[in-house]
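Down below is the structure, laid out as structure tokens.
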Amino acid sequence: MPPDTMGQELSRFDPSLPIEKAWTPPASWYLRPEFLARERDRVFNRSWQAVGRLDQVQRPGDYFTGCLLGEPYLVVRDAQGTLRAFHNVCRHHAAQVCQGEGKLEELVCSYHGWTYALDGKLLKAPRLGKSEVFSREAFSLHPVAVEAWGPWVFVHLGKPAPPLHSELGDLQARLEATRSSELKFAARRTYEMNCNWKVYVDNYLDGGYHVSTLHRALAGQLDLKSYKTELFRRLSIQSCSAPEEAPREQGGDFPERIGDAALYAFLYPNFMINRYGPIMDTNWVVPLSHDRTLVVFDFFFQDTEGPGAKEFIERSVAASHTVQEEDVAISESVQRGLGSPGYDRGIYAPSIEMAAYHFHQLLAADLLQGGAGS
């Protein structure tokens, strides 16, 4: 897309308008690969990404790897117990140094055997011979900013990296009030879908608008009249109480899963924390391409041991799976509709979709950094 064309499409969304007068971003933002290329540089590489959990890197030598929009990263606990992250790229010829996750004493590139200590310093460059441009000190792995918060590990792939806590608003206190620190990791599920990543985020942020229509079993466990949305600088929190009498086992969902209330927090641009009953789950939304998305779900429970706890976990994850299948289906339906000549832009429900508009405003600010056509 020529720069002036991208500029025109960006300018078609006006983030300064009151929500009652605002149009949503046009379909081009969700359909054209050039938008994802800009998002990679100006959104994902300039934001904290919740790439994993602390239980994956508890002891020295524990590590895990991943790749976000073509950028491979490595998180490891070094020999002194310090949490570290690096660009997972060997300084010799760019092969990934590590794969998967597990435990290592050294980081050894499988291409030519260059070996790094767990703190990223180069230890060995076998059979290199004499090179006038080589010095061991200059060829350490390039570090990446990393922070732990709660049970999560965040990395920031760009520079500079603002403190993570500056983006959390009231979320930390709100979660602490629910005793979320007592929960333990129990299960991971992943969902791949044929839609742009923003379609899935938009669905999450519509203020519960879709719940009564799309998630009827879940809707029976929520008092949707109590739904509330709060906006912070780079965060939004949606919350909802349970009804006085929730139906039991309706469509596979059940009152014990939701408890008295639900809190849905969205940390811009792509991380969701859902706290309800004795459960917390997180959703990390990862773009795979401009029209394919991976969502990683991690589930945390109050009780994880014993037959009763395991049965409750299985039932709860199954109920969540039903909701996610419904979200995947509607997200793929929306993606197809975005490509139709029958749609160009939409509008907001002003009293409900405040969080979605807030997301689009933050996104527009990032995409317009340096000028619309740059």
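Every chain in the structure tokens takes a letter, A first, then B, and so on in the order presented; its residues are numbered from 1, and the ligands are numbered from 1 following the presented order.
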Which residues are close to Pro269 of chain A, i.e. within 10 Å by only C-alpha atoms, leaving aside same-chain residues fewer than 4 positions away? Reply as a ChimeraX atom specification.
/A:43-44,46-49,198,201,234-235,284-285,359-360,362-363
Grab the residues selected above and save them as a short mmCIF file (atom, residue, chain, number, x, y, z; two decimals), in the first residue's frame with all heavy atoms.
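Contents of the output file result.cif:
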data_model
loop_
_atom_site.label_atom_id
_atom_site.label_comp_id
_atom_site.auth_asym_id
_atom_site.auth_seq_id
_atom_site.Cartn_x
_atom_site.Cartn_y
_atom_site.Cartn_z
N VAL A 43 3.32 -1.04 17.59
CA VAL A 43 2.44 -1.50 18.67
C VAL A 43 3.12 -2.61 19.46
O VAL A 43 3.42 -2.45 20.65
CB VAL A 43 1.08 -1.98 18.11
CG1 VAL A 43 0.20 -2.53 19.23
CG2 VAL A 43 0.37 -0.84 17.38
N PHE A 44 3.42 -3.72 18.81
CA PHE A 44 3.92 -4.90 19.53
C PHE A 44 5.36 -4.73 19.99
O PHE A 44 5.72 -5.19 21.08
CB PHE A 44 3.75 -6.15 18.67
CG PHE A 44 2.31 -6.51 18.49
CD1 PHE A 44 1.61 -6.12 17.36
CD2 PHE A 44 1.62 -7.21 19.47
CE1 PHE A 44 0.27 -6.44 17.20
CE2 PHE A 44 0.29 -7.52 19.33
CZ PHE A 44 -0.40 -7.14 18.19
N ARG A 46 6.65 -2.05 20.87
CA ARG A 46 6.69 -0.92 21.80
C ARG A 46 5.75 -1.14 22.99
O ARG A 46 5.30 -0.18 23.61
CB ARG A 46 6.33 0.38 21.07
CG ARG A 46 7.24 0.70 19.90
CD ARG A 46 6.95 2.05 19.30
NE ARG A 46 7.67 2.26 18.06
CZ ARG A 46 7.69 3.41 17.38
NH1 ARG A 46 7.03 4.46 17.85
NH2 ARG A 46 8.37 3.52 16.25
N SER A 47 5.47 -2.39 23.28
CA SER A 47 4.57 -2.69 24.40
C SER A 47 5.08 -3.92 25.15
O SER A 47 5.82 -4.74 24.60
CB SER A 47 3.15 -2.94 23.90
OG SER A 47 3.10 -4.05 23.02
N TRP A 48 4.68 -4.04 26.40
CA TRP A 48 5.01 -5.22 27.20
C TRP A 48 4.15 -6.39 26.76
O TRP A 48 2.94 -6.24 26.59
CB TRP A 48 4.80 -4.94 28.68
CG TRP A 48 5.85 -4.05 29.27
CD1 TRP A 48 5.77 -2.71 29.48
CD2 TRP A 48 7.15 -4.46 29.70
NE1 TRP A 48 6.95 -2.24 30.03
CE2 TRP A 48 7.82 -3.30 30.19
CE3 TRP A 48 7.82 -5.68 29.75
CZ2 TRP A 48 9.11 -3.33 30.69
CZ3 TRP A 48 9.11 -5.72 30.26
CH2 TRP A 48 9.74 -4.56 30.72
N GLN A 49 4.77 -7.53 26.56
CA GLN A 49 4.09 -8.72 26.09
C GLN A 49 4.17 -9.83 27.14
O GLN A 49 5.27 -10.17 27.61
CB GLN A 49 4.70 -9.21 24.77
CG GLN A 49 4.48 -8.25 23.61
CD GLN A 49 3.01 -8.20 23.21
OE1 GLN A 49 2.37 -9.22 23.01
NE2 GLN A 49 2.47 -6.99 23.11
N LYS A 198 -7.25 -8.02 15.86
CA LYS A 198 -8.10 -6.96 16.41
C LYS A 198 -9.56 -7.36 16.44
O LYS A 198 -10.33 -6.84 17.26
CB LYS A 198 -7.91 -5.66 15.61
CG LYS A 198 -6.49 -5.11 15.66
CD LYS A 198 -6.37 -3.78 14.97
CE LYS A 198 -6.55 -3.85 13.47
NZ LYS A 198 -5.49 -4.64 12.80
N VAL A 201 -9.96 -9.02 19.75
CA VAL A 201 -9.92 -8.02 20.82
C VAL A 201 -11.21 -7.21 20.85
O VAL A 201 -11.77 -6.95 21.93
CB VAL A 201 -8.69 -7.11 20.65
CG1 VAL A 201 -8.73 -5.96 21.66
CG2 VAL A 201 -7.40 -7.90 20.82
N ARG A 234 -3.76 2.82 29.70
CA ARG A 234 -3.55 1.74 28.72
C ARG A 234 -4.20 0.45 29.21
O ARG A 234 -3.70 -0.64 28.98
CB ARG A 234 -2.05 1.54 28.47
CG ARG A 234 -1.41 2.69 27.71
CD ARG A 234 0.09 2.60 27.71
NE ARG A 234 0.62 1.47 26.99
CZ ARG A 234 0.87 1.45 25.68
NH1 ARG A 234 0.59 2.50 24.93
NH2 ARG A 234 1.38 0.38 25.11
N LEU A 235 -5.33 0.61 29.84
CA LEU A 235 -6.00 -0.50 30.50
C LEU A 235 -7.49 -0.22 30.55
O LEU A 235 -7.92 0.93 30.69
CB LEU A 235 -5.45 -0.63 31.92
CG LEU A 235 -6.15 -1.58 32.90
CD1 LEU A 235 -5.74 -3.01 32.60
CD2 LEU A 235 -5.78 -1.22 34.33
N TRP A 284 -3.65 -14.39 25.85
CA TRP A 284 -2.63 -13.63 25.13
C TRP A 284 -2.93 -13.79 23.65
O TRP A 284 -2.92 -14.90 23.12
CB TRP A 284 -1.24 -14.16 25.49
CG TRP A 284 -0.12 -13.40 24.85
CD1 TRP A 284 -0.02 -12.06 24.68
CD2 TRP A 284 1.09 -13.96 24.31
NE1 TRP A 284 1.16 -11.72 24.08
CE2 TRP A 284 1.87 -12.86 23.84
CE3 TRP A 284 1.61 -15.25 24.21
CZ2 TRP A 284 3.12 -13.05 23.25
CZ3 TRP A 284 2.85 -15.44 23.62
CH2 TRP A 284 3.60 -14.34 23.15
N VAL A 285 -3.20 -12.67 22.99
CA VAL A 285 -3.66 -12.67 21.60
C VAL A 285 -2.46 -12.39 20.70
O VAL A 285 -1.88 -11.29 20.74
CB VAL A 285 -4.75 -11.61 21.39
CG1 VAL A 285 -5.30 -11.68 19.96
CG2 VAL A 285 -5.88 -11.80 22.40
N PHE A 359 -9.67 1.16 23.02
CA PHE A 359 -8.66 0.35 22.33
C PHE A 359 -8.32 0.95 20.98
O PHE A 359 -7.14 1.09 20.61
CB PHE A 359 -9.18 -1.08 22.18
CG PHE A 359 -8.42 -1.94 21.22
CD1 PHE A 359 -7.06 -2.16 21.37
CD2 PHE A 359 -9.08 -2.57 20.16
CE1 PHE A 359 -6.36 -2.97 20.47
CE2 PHE A 359 -8.39 -3.37 19.27
CZ PHE A 359 -7.02 -3.57 19.42
N HIS A 360 -9.33 1.33 20.21
CA HIS A 360 -9.08 1.90 18.88
C HIS A 360 -8.36 3.24 18.98
O HIS A 360 -7.52 3.56 18.13
CB HIS A 360 -10.41 2.06 18.14
CG HIS A 360 -11.09 0.76 17.86
ND1 HIS A 360 -12.46 0.64 17.73
CD2 HIS A 360 -10.59 -0.51 17.70
CE1 HIS A 360 -12.77 -0.63 17.51
NE2 HIS A 360 -11.66 -1.33 17.49
N LEU A 362 -6.19 4.12 21.37
CA LEU A 362 -4.79 3.81 21.68
C LEU A 362 -4.06 3.29 20.44
O LEU A 362 -2.92 3.66 20.17
CB LEU A 362 -4.73 2.77 22.80
CG LEU A 362 -5.18 3.23 24.19
CD1 LEU A 362 -5.27 2.03 25.13
CD2 LEU A 362 -4.23 4.27 24.75
N LEU A 363 -4.73 2.44 19.70
CA LEU A 363 -4.14 1.87 18.49
C LEU A 363 -3.85 2.96 17.46
O LEU A 363 -2.77 3.00 16.86
CB LEU A 363 -5.08 0.82 17.91
CG LEU A 363 -4.59 0.04 16.70
CD1 LEU A 363 -3.40 -0.83 17.06
CD2 LEU A 363 -5.73 -0.82 16.14
#
Write down as a ChimeraX atom specification the residues belonging to segment 240-340 of chain A that are assigned alpha helix (DSSP H) by DSSP computed on the backbone.
/A:255-258,307-338
Just asking: which residues within segment 95-160 of chain A are strand (DSSP E) according to DSSP, as JSON, numbers by chain?
{"A": [101, 102, 103, 107, 108, 115, 116, 122, 123, 124, 145, 146, 147, 148, 149, 152, 153, 154, 155, 156]}
Take the residues from that selection and put them in a file with N, CA, C and O atoms, as a JSON list (two decimals), in the first residue's frame.
[["chain", "number", "residue", "atom", "x", "y", "z"],
["A", 101, "GLU", "N", 11.15, -25.32, 25.43],
["A", 101, "GLU", "CA", 11.40, -24.95, 26.82],
["A", 101, "GLU", "C", 11.96, -26.14, 27.57],
["A", 101, "GLU", "O", 11.89, -27.28, 27.11],
["A", 102, "GLY", "N", 12.54, -25.87, 28.74],
["A", 102, "GLY", "CA", 13.13, -26.94, 29.52],
["A", 102, "GLY", "C", 14.17, -26.41, 30.48],
["A", 102, "GLY", "O", 14.01, -25.34, 31.06],
["A", 103, "LYS", "N", 15.29, -27.14, 30.59],
["A", 103, "LYS", "CA", 16.36, -26.76, 31.52],
["A", 103, "LYS", "C", 17.70, -26.98, 30.84],
["A", 103, "LYS", "O", 17.92, -28.04, 30.23],
["A", 107, "LEU", "N", 23.72, -22.25, 26.91],
["A", 107, "LEU", "CA", 22.93, -22.02, 25.71],
["A", 107, "LEU", "C", 23.81, -22.29, 24.51],
["A", 107, "LEU", "O", 24.75, -21.53, 24.24],
["A", 108, "VAL", "N", 23.54, -23.38, 23.80],
["A", 108, "VAL", "CA", 24.42, -23.82, 22.72],
["A", 108, "VAL", "C", 23.66, -23.77, 21.40],
["A", 108, "VAL", "O", 22.64, -24.44, 21.22],
["A", 115, "THR", "N", 28.51, -21.07, 22.07],
["A", 115, "THR", "CA", 27.98, -21.39, 23.38],
["A", 115, "THR", "C", 27.96, -20.14, 24.26],
["A", 115, "THR", "O", 28.95, -19.41, 24.36],
["A", 116, "TYR", "N", 26.81, -19.92, 24.90],
["A", 116, "TYR", "CA", 26.61, -18.74, 25.74],
["A", 116, "TYR", "C", 26.28, -19.18, 27.16],
["A", 116, "TYR", "O", 25.61, -20.20, 27.39],
["A", 122, "LEU", "N", 29.06, -14.69, 25.76],
["A", 122, "LEU", "CA", 29.63, -15.72, 24.89],
["A", 122, "LEU", "C", 30.76, -16.44, 25.61],
["A", 122, "LEU", "O", 31.70, -15.82, 26.13],
["A", 123, "LEU", "N", 30.69, -17.77, 25.64],
["A", 123, "LEU", "CA", 31.72, -18.59, 26.25],
["A", 123, "LEU", "C", 32.66, -19.22, 25.22],
["A", 123, "LEU", "O", 33.87, -19.27, 25.43],
["A", 124, "LYS", "N", 32.10, -19.72, 24.13],
["A", 124, "LYS", "CA", 32.89, -20.45, 23.14],
["A", 124, "LYS", "C", 32.43, -20.09, 21.73],
["A", 124, "LYS", "O", 31.23, -19.99, 21.46],
["A", 145, "ALA", "N", 14.36, -6.39, 27.56],
["A", 145, "ALA", "CA", 13.79, -6.01, 28.85],
["A", 145, "ALA", "C", 12.79, -7.07, 29.31],
["A", 145, "ALA", "O", 11.96, -7.53, 28.52],
["A", 146, "VAL", "N", 12.88, -7.45, 30.58],
["A", 146, "VAL", "CA", 11.99, -8.48, 31.12],
["A", 146, "VAL", "C", 11.57, -8.07, 32.52],
["A", 146, "VAL", "O", 12.36, -7.52, 33.29],
["A", 147, "GLU", "N", 10.30, -8.30, 32.85],
["A", 147, "GLU", "CA", 9.78, -8.03, 34.19],
["A", 147, "GLU", "C", 8.79, -9.13, 34.56],
["A", 147, "GLU", "O", 8.09, -9.67, 33.70],
["A", 148, "ALA", "N", 8.75, -9.43, 35.84],
["A", 148, "ALA", "CA", 7.76, -10.35, 36.37],
["A", 148, "ALA", "C", 6.70, -9.56, 37.11],
["A", 148, "ALA", "O", 7.02, -8.61, 37.84],
["A", 149, "TRP", "N", 5.46, -9.94, 36.92],
["A", 149, "TRP", "CA", 4.36, -9.34, 37.66],
["A", 149, "TRP", "C", 3.34, -10.45, 37.94],
["A", 149, "TRP", "O", 2.89, -11.12, 37.01],
["A", 152, "TRP", "N", 3.14, -13.87, 35.99],
["A", 152, "TRP", "CA", 3.44, -13.71, 34.57],
["A", 152, "TRP", "C", 4.84, -13.16, 34.33],
["A", 152, "TRP", "O", 5.40, -12.43, 35.14],
["A", 153, "VAL", "N", 5.38, -13.49, 33.16],
["A", 153, "VAL", "CA", 6.64, -12.94, 32.67],
["A", 153, "VAL", "C", 6.33, -12.08, 31.46],
["A", 153, "VAL", "O", 5.71, -12.55, 30.49],
["A", 154, "PHE", "N", 6.75, -10.83, 31.51],
["A", 154, "PHE", "CA", 6.56, -9.90, 30.40],
["A", 154, "PHE", "C", 7.91, -9.55, 29.79],
["A", 154, "PHE", "O", 8.90, -9.39, 30.52],
["A", 155, "VAL", "N", 7.95, -9.42, 28.48],
["A", 155, "VAL", "CA", 9.14, -8.89, 27.81],
["A", 155, "VAL", "C", 8.73, -7.68, 26.97],
["A", 155, "VAL", "O", 7.58, -7.55, 26.56],
["A", 156, "HIS", "N", 9.72, -6.81, 26.74],
["A", 156, "HIS", "CA", 9.52, -5.64, 25.90],
["A", 156, "HIS", "C", 10.60, -5.68, 24.84],
["A", 156, "HIS", "O", 11.79, -5.54, 25.14]]
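Counting from atom CA of Ser331 of chain A, the distance to atom CA of Arg248 of chain A is 28.1 Å.
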Residues near Ile258 of chain A, cut-off 7 Å, only C-alpha atoms, skip fewer than 4 positions along chain, as a VMD selection string
chain A and resid 221 262 276 to 277
Using only all heavy atoms, please write the residues we just selected to a file, as a PDB file, in the first residue's frame.
ATOM      1  N   GLN A 221     -25.245 -17.029  33.914  1.00  0.00           N
ATOM      2  CA  GLN A 221     -24.435 -16.931  35.136  1.00  0.00           C
ATOM      3  C   GLN A 221     -24.040 -15.493  35.455  1.00  0.00           C
ATOM      4  O   GLN A 221     -23.321 -15.248  36.434  1.00  0.00           O
ATOM      5  CB  GLN A 221     -23.174 -17.780  34.988  1.00  0.00           C
ATOM      6  CG  GLN A 221     -23.413 -19.202  34.539  1.00  0.00           C
ATOM      7  CD  GLN A 221     -24.287 -19.985  35.496  1.00  0.00           C
ATOM      8  OE1 GLN A 221     -24.203 -19.806  36.711  1.00  0.00           O
ATOM      9  NE2 GLN A 221     -25.145 -20.838  34.958  1.00  0.00           N
ATOM     10  N   ALA A 262     -17.547 -11.327  38.170  1.00  0.00           N
ATOM     11  CA  ALA A 262     -16.482 -11.539  37.189  1.00  0.00           C
ATOM     12  C   ALA A 262     -15.812 -10.210  36.886  1.00  0.00           C
ATOM     13  O   ALA A 262     -16.480  -9.170  36.804  1.00  0.00           O
ATOM     14  CB  ALA A 262     -17.047 -12.145  35.907  1.00  0.00           C
ATOM     15  N   TYR A 276     -12.756 -14.721  38.165  1.00  0.00           N
ATOM     16  CA  TYR A 276     -14.133 -15.045  38.516  1.00  0.00           C
ATOM     17  C   TYR A 276     -14.127 -16.279  39.414  1.00  0.00           C
ATOM     18  O   TYR A 276     -13.326 -17.190  39.242  1.00  0.00           O
ATOM     19  CB  TYR A 276     -14.973 -15.299  37.262  1.00  0.00           C
ATOM     20  CG  TYR A 276     -14.329 -16.242  36.265  1.00  0.00           C
ATOM     21  CD1 TYR A 276     -14.620 -17.604  36.283  1.00  0.00           C
ATOM     22  CD2 TYR A 276     -13.405 -15.783  35.335  1.00  0.00           C
ATOM     23  CE1 TYR A 276     -14.020 -18.473  35.389  1.00  0.00           C
ATOM     24  CE2 TYR A 276     -12.797 -16.648  34.436  1.00  0.00           C
ATOM     25  CZ  TYR A 276     -13.106 -17.988  34.472  1.00  0.00           C
ATOM     26  OH  TYR A 276     -12.497 -18.851  33.594  1.00  0.00           O
ATOM     27  N   GLY A 277     -15.042 -16.296  40.387  1.00  0.00           N
ATOM     28  CA  GLY A 277     -15.131 -17.434  41.279  1.00  0.00           C
ATOM     29  C   GLY A 277     -13.766 -17.818  41.832  1.00  0.00           C
ATOM     30  O   GLY A 277     -12.962 -16.961  42.210  1.00  0.00           O
TER      31      GLY A 277
END
Check the smallest atom-to-atom distance from each of A:Leu175, A:His92, A:Ala364, A:Glu34 to Phe134 of chain A using only C-alpha atoms, then report the winner.
A:His92
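The residue that comes closest to Arg189 of chain A, out of A:His321, A:Lys159, A:Lys130, A:Arg84 and on the basis of only C-alpha atoms, is A:His321.
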Between A:Gly129, A:Thr65, A:Gly52, A:Glu326, which one has atoms that come closest to Arg216 of chain A, using only C-alpha atoms?
A:Glu326
Residues at most 10 Å from Arg38 of chain A, counting only C-alpha atoms, excluding those fewer than 6 positions away in the same chain, as number ranges by chain?
A: 44, 366-368, 374
Residues within 9 Å of segment 204-206 of chain A, only C-alpha atoms, excluding chain neighbours under 2 positions, as a ChimeraX atom specification
/A:199-202,208-210,236,238,264,266,272,327,348-349,352-357,359
